[in-house]
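A.B. asks: The structure under discussion is supplied below as structure tokens; questions concerning it will follow.
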Number of protein chains: 2
Amino acid sequence: MEMLSLEQVELVSNAFSFAIAVMGAATVFLFLGRSQVAPHYKTAVTISGIVTLIAFYHYWRIFDSWHAAFNVTKTGLEATGLKFNDAYRYVDWLLTVPLLLIELILVMKLSREETVSKATTLAGAAALMILLGYPGEVSADMGTKFKWWFLSMIPFLYIVFSLFSGLSKAINSQPESVRDLIVTARNLTVVSWCFYPVVYALYFFPGANVGSAEVATYVQVGYTIADIVAKAVFGVFIYVVAVRKTEANA
Amino acid sequence: MEMLSLEQVELVSNAFSFAIAVMGAATVFLFLGRSQVAPHYKTAVTISGIVTLIAFYHYWRIFDSWHAAFNVTKTGLEATGLKFNDAYRYVDWLLTVPLLLIELILVMKLSREETVSKATTLAGAAALMILLGYPGEVSADMGTKFKWWFLSMIPFLYIVFSLFSGLSKAINSQPESVRDLIVTARNLTVVSWCFYPVVYALYFFPGANVGSAEVATYVQVGYTIADIVAKAVFGVFIYVVAVRKTEANA
């Protein structure tokens with residue numbers, strides 16, 4: 001990889017610090033807000049806060065790993081030789097991505113059978129998606145990268161399909177006061193999630209200078225923004241749905 | 001920038017540590033006090049505590065960044081080459097300034113539509129104000145600095161205008177026991193916020209020696225005092241309003 005400029009290193013560092021602050025703030029907000037929703041929705045809000053707490057922890061590690069990889073001296077920036085650890089992101093996703101789908105299902109208050117079956121299949125597909133993506137992310141071989149990306153896209157597309165087709169009936173049976181909010185939460189999930197395979201697929205674009213410092217900067221900032229939307233903004237959405245349904249006794 | 005004296009470095013460091021203590025204390029006070037207000041005001045008090053928590057985190061980073069920039073040796077003070085990271089302030093403001101306006105709106109207990117519309121427009125204007133200010137803050141060119149300061153002043157003046165005109169009607173409909181307090185909270189917001197563009201505008205004052213160690217010291221101490229007033233003192237005000245309204249069953 002090309003060496004980053006001091007400005008690029010600082011931009012990424014500030015994005016990571018921003019994520020730490022957002023994830024921490026969201027966690028506290030959700031854990032305190034938990035007392036304001038009906039018992040039936042407490043688990044959905046608890047899990048929303050746990051997702052941002054896990055992300056808070058990993059962004060702290062990511063921030064430290066980033067700072068350990070670069071050294072600012074009086075003469076400029078130099079690599080320390082320590083590699084920035086991208087694996088923290090995958091460990092985070094392996095835990096949080098299945099939980100995000102469970103949040104969405106729990107706040108819908110489906111029948112117990114439907115909750116268990118949808119949670120199991122969607123969370124299982126999400127975990128599989130992350131596990132299949134990782135060998136490609138760490139490989140330097142383009143063929144290997146593509147193979148694992150392709151395999152990982154199968155559970156990804158299955159999840160997107162399920163969110164749009166399988167959940168539509170469940171969404172239509174929601175109280176009217178929250179239906180729009182749940183549709184927005186579902187769409188937020190799909191849109192923010194699409195960001196990840198697209199960033200990954202940058203490697204395959206002909207002419208894309210994937211080793212460049214610029215692409216490395218965009219990827220780190222981009223993943224961070226996507227994580228903030230998919231976890232913190234989404235979590236607050238789930239909380240608002242829970243509050244509205246509590247007020248409507250639904 | 002001119003090199004600071006040891007006394008100036010210590011003064012700024014002590015101001016930062018003071019802010020850490022105040023923000024931490026305010027956070028705990030607000031989170032514990034949350035149980036003493038009626039359900040309707042809990043979110044306002046939660047957000048007040050989250051604002052001081054976010055500021056607590058950033059002042060911790062700011063303190064560390066300040067100490068990393070200077071080295072005290074037996075022969076005196078020297079710069080380490082690491083730059084003091086001013087971006088932490090902007091990242092903090094981007095999160096906390098919209099939340100401060102939301103606190104004020106939430107504690108007023110307006111109708112849901114009015115709450116959502118005022119919160120969206122004011123918080124959006126606040127985020128825009130911070131985003132427009134940043135490119136000017138980091139630029140070394142006076143023309144660029146002025147352009148972004150000027151652009152940032154548009155949402156700033158819009159917010160001040162909204163707080164005085166748009167909120168007046170809402171304030172007049174508040175119970176009498178808290179009306180003065182809410183007016184004070186509103187004025188506190190406007191006065192403490194005015195400090196920021198004035199400090200920023202120091203750069204344009206003819207004859208102001210902006211690169212001097214003295215100005216750098218005043219700016220850091222000044223921003224810190226403004227943050228304490230706008231976040232911690234203001235947050236406690238919001239809490240007192242919530243307690244009074246709880247007592248009055250309003």
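Identifiers in this document derive from the order of the structure tokens: chains are assigned A, B, ..., residues are numbered from 1 separately in each chain, and ligands are numbered from 1 in order of occurrence.
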Please extract the residues of range 72-126 of chain A with a backbone DSSP assignment of helix (DSSP H, G or I) and present them as an NGL selection string.

C.D. replies: :A and (87-108 or 112-126)

A.B. asks: Output N, CA, C and O atoms for every residue in the selection just made, as a compact mmCIF listing (two decimals), in the first residue's frame.

C.D. replies:
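Okay, again_35.txt is ready:
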```txt
# COMPACT_ATOMS: atom_id res chain seq x y z
N ALA A 87 -8.94 -6.86 10.98
CA ALA A 87 -9.76 -7.97 11.48
C ALA A 87 -10.75 -7.51 12.55
O ALA A 87 -11.80 -8.13 12.73
N TYR A 88 -10.44 -6.39 13.25
CA TYR A 88 -11.39 -5.90 14.26
C TYR A 88 -12.76 -5.64 13.65
O TYR A 88 -13.79 -5.85 14.27
N ARG A 89 -12.74 -5.14 12.38
CA ARG A 89 -14.02 -4.88 11.72
C ARG A 89 -14.81 -6.17 11.52
O ARG A 89 -16.01 -6.20 11.76
N TYR A 90 -14.11 -7.26 11.10
CA TYR A 90 -14.83 -8.51 10.83
C TYR A 90 -15.33 -9.15 12.11
O TYR A 90 -16.42 -9.71 12.15
N VAL A 91 -14.52 -9.06 13.16
CA VAL A 91 -14.96 -9.61 14.44
C VAL A 91 -16.21 -8.83 14.91
O VAL A 91 -17.18 -9.42 15.39
N ASP A 92 -16.16 -7.52 14.72
CA ASP A 92 -17.30 -6.69 15.10
C ASP A 92 -18.54 -7.09 14.30
O ASP A 92 -19.61 -7.31 14.86
N TRP A 93 -18.39 -7.19 12.99
CA TRP A 93 -19.54 -7.51 12.14
C TRP A 93 -20.10 -8.90 12.44
O TRP A 93 -21.32 -9.09 12.41
N LEU A 94 -19.19 -9.85 12.72
CA LEU A 94 -19.65 -11.22 13.00
C LEU A 94 -20.62 -11.22 14.19
O LEU A 94 -21.58 -11.98 14.23
N LEU A 95 -20.36 -10.33 15.16
CA LEU A 95 -21.24 -10.23 16.32
C LEU A 95 -22.45 -9.33 16.07
O LEU A 95 -23.57 -9.65 16.44
N THR A 96 -22.21 -8.17 15.46
CA THR A 96 -23.27 -7.15 15.42
C THR A 96 -24.26 -7.34 14.28
O THR A 96 -25.44 -7.00 14.45
N VAL A 97 -23.81 -7.85 13.13
CA VAL A 97 -24.72 -7.92 11.99
C VAL A 97 -25.90 -8.87 12.24
O VAL A 97 -27.05 -8.50 11.99
N PRO A 98 -25.65 -10.08 12.80
CA PRO A 98 -26.82 -10.90 13.15
C PRO A 98 -27.72 -10.21 14.18
O PRO A 98 -28.94 -10.27 14.08
N LEU A 99 -27.11 -9.50 15.15
CA LEU A 99 -27.91 -8.85 16.19
C LEU A 99 -28.78 -7.72 15.61
O LEU A 99 -29.90 -7.50 16.09
N LEU A 100 -28.28 -7.03 14.59
CA LEU A 100 -29.06 -5.95 13.98
C LEU A 100 -30.35 -6.49 13.37
O LEU A 100 -31.41 -5.86 13.48
N LEU A 101 -30.26 -7.67 12.74
CA LEU A 101 -31.46 -8.26 12.16
C LEU A 101 -32.42 -8.71 13.25
O LEU A 101 -33.64 -8.59 13.11
N ILE A 102 -31.85 -9.20 14.36
CA ILE A 102 -32.69 -9.64 15.48
C ILE A 102 -33.44 -8.45 16.10
O ILE A 102 -34.62 -8.56 16.44
N GLU A 103 -32.74 -7.28 16.21
CA GLU A 103 -33.41 -6.05 16.68
C GLU A 103 -34.68 -5.78 15.87
O GLU A 103 -35.75 -5.50 16.42
N LEU A 104 -34.50 -5.80 14.55
CA LEU A 104 -35.60 -5.45 13.65
C LEU A 104 -36.76 -6.42 13.81
O LEU A 104 -37.93 -6.02 13.83
N ILE A 105 -36.44 -7.72 13.96
CA ILE A 105 -37.49 -8.73 14.09
C ILE A 105 -38.19 -8.59 15.44
O ILE A 105 -39.42 -8.64 15.53
N LEU A 106 -37.39 -8.35 16.51
CA LEU A 106 -37.98 -8.26 17.86
C LEU A 106 -38.94 -7.09 18.00
O LEU A 106 -39.97 -7.19 18.65
N VAL A 107 -38.58 -5.95 17.38
CA VAL A 107 -39.42 -4.77 17.56
C VAL A 107 -40.74 -4.92 16.81
O VAL A 107 -41.69 -4.18 17.06
N MET A 108 -40.82 -5.92 15.92
CA MET A 108 -42.07 -6.12 15.18
C MET A 108 -43.12 -6.86 16.00
O MET A 108 -44.29 -6.81 15.67
N ARG A 112 -44.30 -15.97 18.56
CA ARG A 112 -43.04 -16.53 19.02
C ARG A 112 -42.41 -17.43 17.96
O ARG A 112 -41.20 -17.36 17.73
N GLU A 113 -43.22 -18.26 17.29
CA GLU A 113 -42.68 -19.19 16.28
C GLU A 113 -42.01 -18.40 15.15
O GLU A 113 -40.91 -18.72 14.71
N GLU A 114 -42.74 -17.36 14.68
CA GLU A 114 -42.21 -16.58 13.57
C GLU A 114 -40.93 -15.84 13.99
O GLU A 114 -39.98 -15.76 13.21
N THR A 115 -40.92 -15.31 15.22
CA THR A 115 -39.74 -14.59 15.71
C THR A 115 -38.53 -15.53 15.70
O THR A 115 -37.47 -15.19 15.19
N VAL A 116 -38.72 -16.74 16.28
CA VAL A 116 -37.61 -17.68 16.37
C VAL A 116 -37.14 -18.11 14.98
O VAL A 116 -35.94 -18.11 14.69
N SER A 117 -38.08 -18.41 14.09
CA SER A 117 -37.65 -18.92 12.78
C SER A 117 -36.98 -17.83 11.95
O SER A 117 -35.94 -18.06 11.35
N LYS A 118 -37.55 -16.62 11.96
CA LYS A 118 -36.94 -15.53 11.18
C LYS A 118 -35.59 -15.13 11.79
O LYS A 118 -34.63 -14.86 11.06
N ALA A 119 -35.52 -15.06 13.12
CA ALA A 119 -34.27 -14.67 13.76
C ALA A 119 -33.17 -15.69 13.46
O ALA A 119 -32.03 -15.32 13.18
N THR A 120 -33.53 -16.98 13.49
CA THR A 120 -32.52 -18.01 13.26
C THR A 120 -32.01 -17.96 11.83
O THR A 120 -30.80 -17.96 11.60
N THR A 121 -32.92 -17.93 10.86
CA THR A 121 -32.46 -17.98 9.47
C THR A 121 -31.73 -16.70 9.07
O THR A 121 -30.66 -16.76 8.46
N LEU A 122 -32.28 -15.53 9.44
CA LEU A 122 -31.63 -14.28 9.04
C LEU A 122 -30.29 -14.09 9.76
O LEU A 122 -29.29 -13.72 9.14
N ALA A 123 -30.24 -14.34 11.07
CA ALA A 123 -28.99 -14.17 11.80
C ALA A 123 -27.95 -15.18 11.32
O ALA A 123 -26.77 -14.86 11.19
N GLY A 124 -28.40 -16.41 11.02
CA GLY A 124 -27.49 -17.43 10.51
C GLY A 124 -26.90 -17.01 9.16
O GLY A 124 -25.70 -17.11 8.93
N ALA A 125 -27.78 -16.50 8.28
CA ALA A 125 -27.31 -16.05 6.97
C ALA A 125 -26.33 -14.89 7.12
O ALA A 125 -25.33 -14.81 6.39
N ALA A 126 -26.59 -13.99 8.08
CA ALA A 126 -25.71 -12.83 8.29
C ALA A 126 -24.33 -13.28 8.76
O ALA A 126 -23.30 -12.79 8.28
```

A.B. asks: List as a Markdown table every residue of chain A that is in contact with chain B, defined as an atom at most 6 Å from one of its atoms (using only C-alpha atoms), together with the nearest atom pair and the distance in Å rounded to one decimal, sorted by chain and then rising number.

C.D. replies:
```
| residue | atom | partner | partner_atom | distance |
| --- | --- | --- | --- | --- |
| A:Ala25 | CA | B:Ile50 | CA | 5.9 |
| A:Thr73 | CA | B:Gly81 | CA | 5.8 |
| A:Lys74 | CA | B:Gly81 | CA | 4.5 |
```

A.B. asks: Keeping only N, CA, C and O atoms, write the selected residues as an mmCIF file, in the first residue's frame.

C.D. replies:
```
data_model
loop_
_atom_site.group_PDB
_atom_site.id
_atom_site.type_symbol
_atom_site.label_atom_id
_atom_site.label_comp_id
_atom_site.auth_asym_id
_atom_site.auth_seq_id
_atom_site.Cartn_x
_atom_site.Cartn_y
_atom_site.Cartn_z
ATOM 1 N N ALA A 25 -22.254 7.297 22.854
ATOM 2 C CA ALA A 25 -23.447 8.096 23.151
ATOM 3 C C ALA A 25 -24.711 7.287 22.870
ATOM 4 O O ALA A 25 -25.656 7.293 23.668
ATOM 5 N N THR A 73 7.049 12.159 13.378
ATOM 6 C CA THR A 73 8.300 12.676 13.933
ATOM 7 C C THR A 73 8.467 14.115 13.448
ATOM 8 O O THR A 73 7.671 14.600 12.671
ATOM 9 N N LYS A 74 9.504 14.753 13.911
ATOM 10 C CA LYS A 74 9.744 16.139 13.498
ATOM 11 C C LYS A 74 9.949 16.245 11.997
ATOM 12 O O LYS A 74 9.695 17.275 11.390
#
```

A.B. asks: Please provide as a PyMOL selection string all residues within 9 Å of range 237-239 of chain B, with the sequence filter that same-chain residues fewer than 5 positions apart are discarded (counting only C-alpha atoms).

C.D. replies: chain B and resi 30+33-34+37+41+44-45+48+103-104+107+181-182+184-185+232+244

A.B. asks: Which residue gives the smallest distance to Leu163 in chain A among A:Val191, A:Val178, A:Ile20, A:Met142, with only C-alpha atoms counted?

C.D. replies: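 Checking each of A:Val191, A:Val178, A:Ile20, A:Met142 against Leu163 in chain A, counting only C-alpha atoms, the winner is A:Val191.
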
A.B. asks: Identify which of the residues B:Val243, B:Ser173, B:Ala226, B:Ala216 lies closest to Tyr196 in chain B, counting only C-alpha atoms when measuring atom-to-atom distances.

C.D. replies: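 Checking each candidate against Tyr196 in chain B, we get B:Ala226 as the closest.
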
A.B. asks: Between CA of Val215 in chain A and CA of Tyr158 in chain A, what distance in Å does the model show, to one decimal?

C.D. replies: 29.0 Å
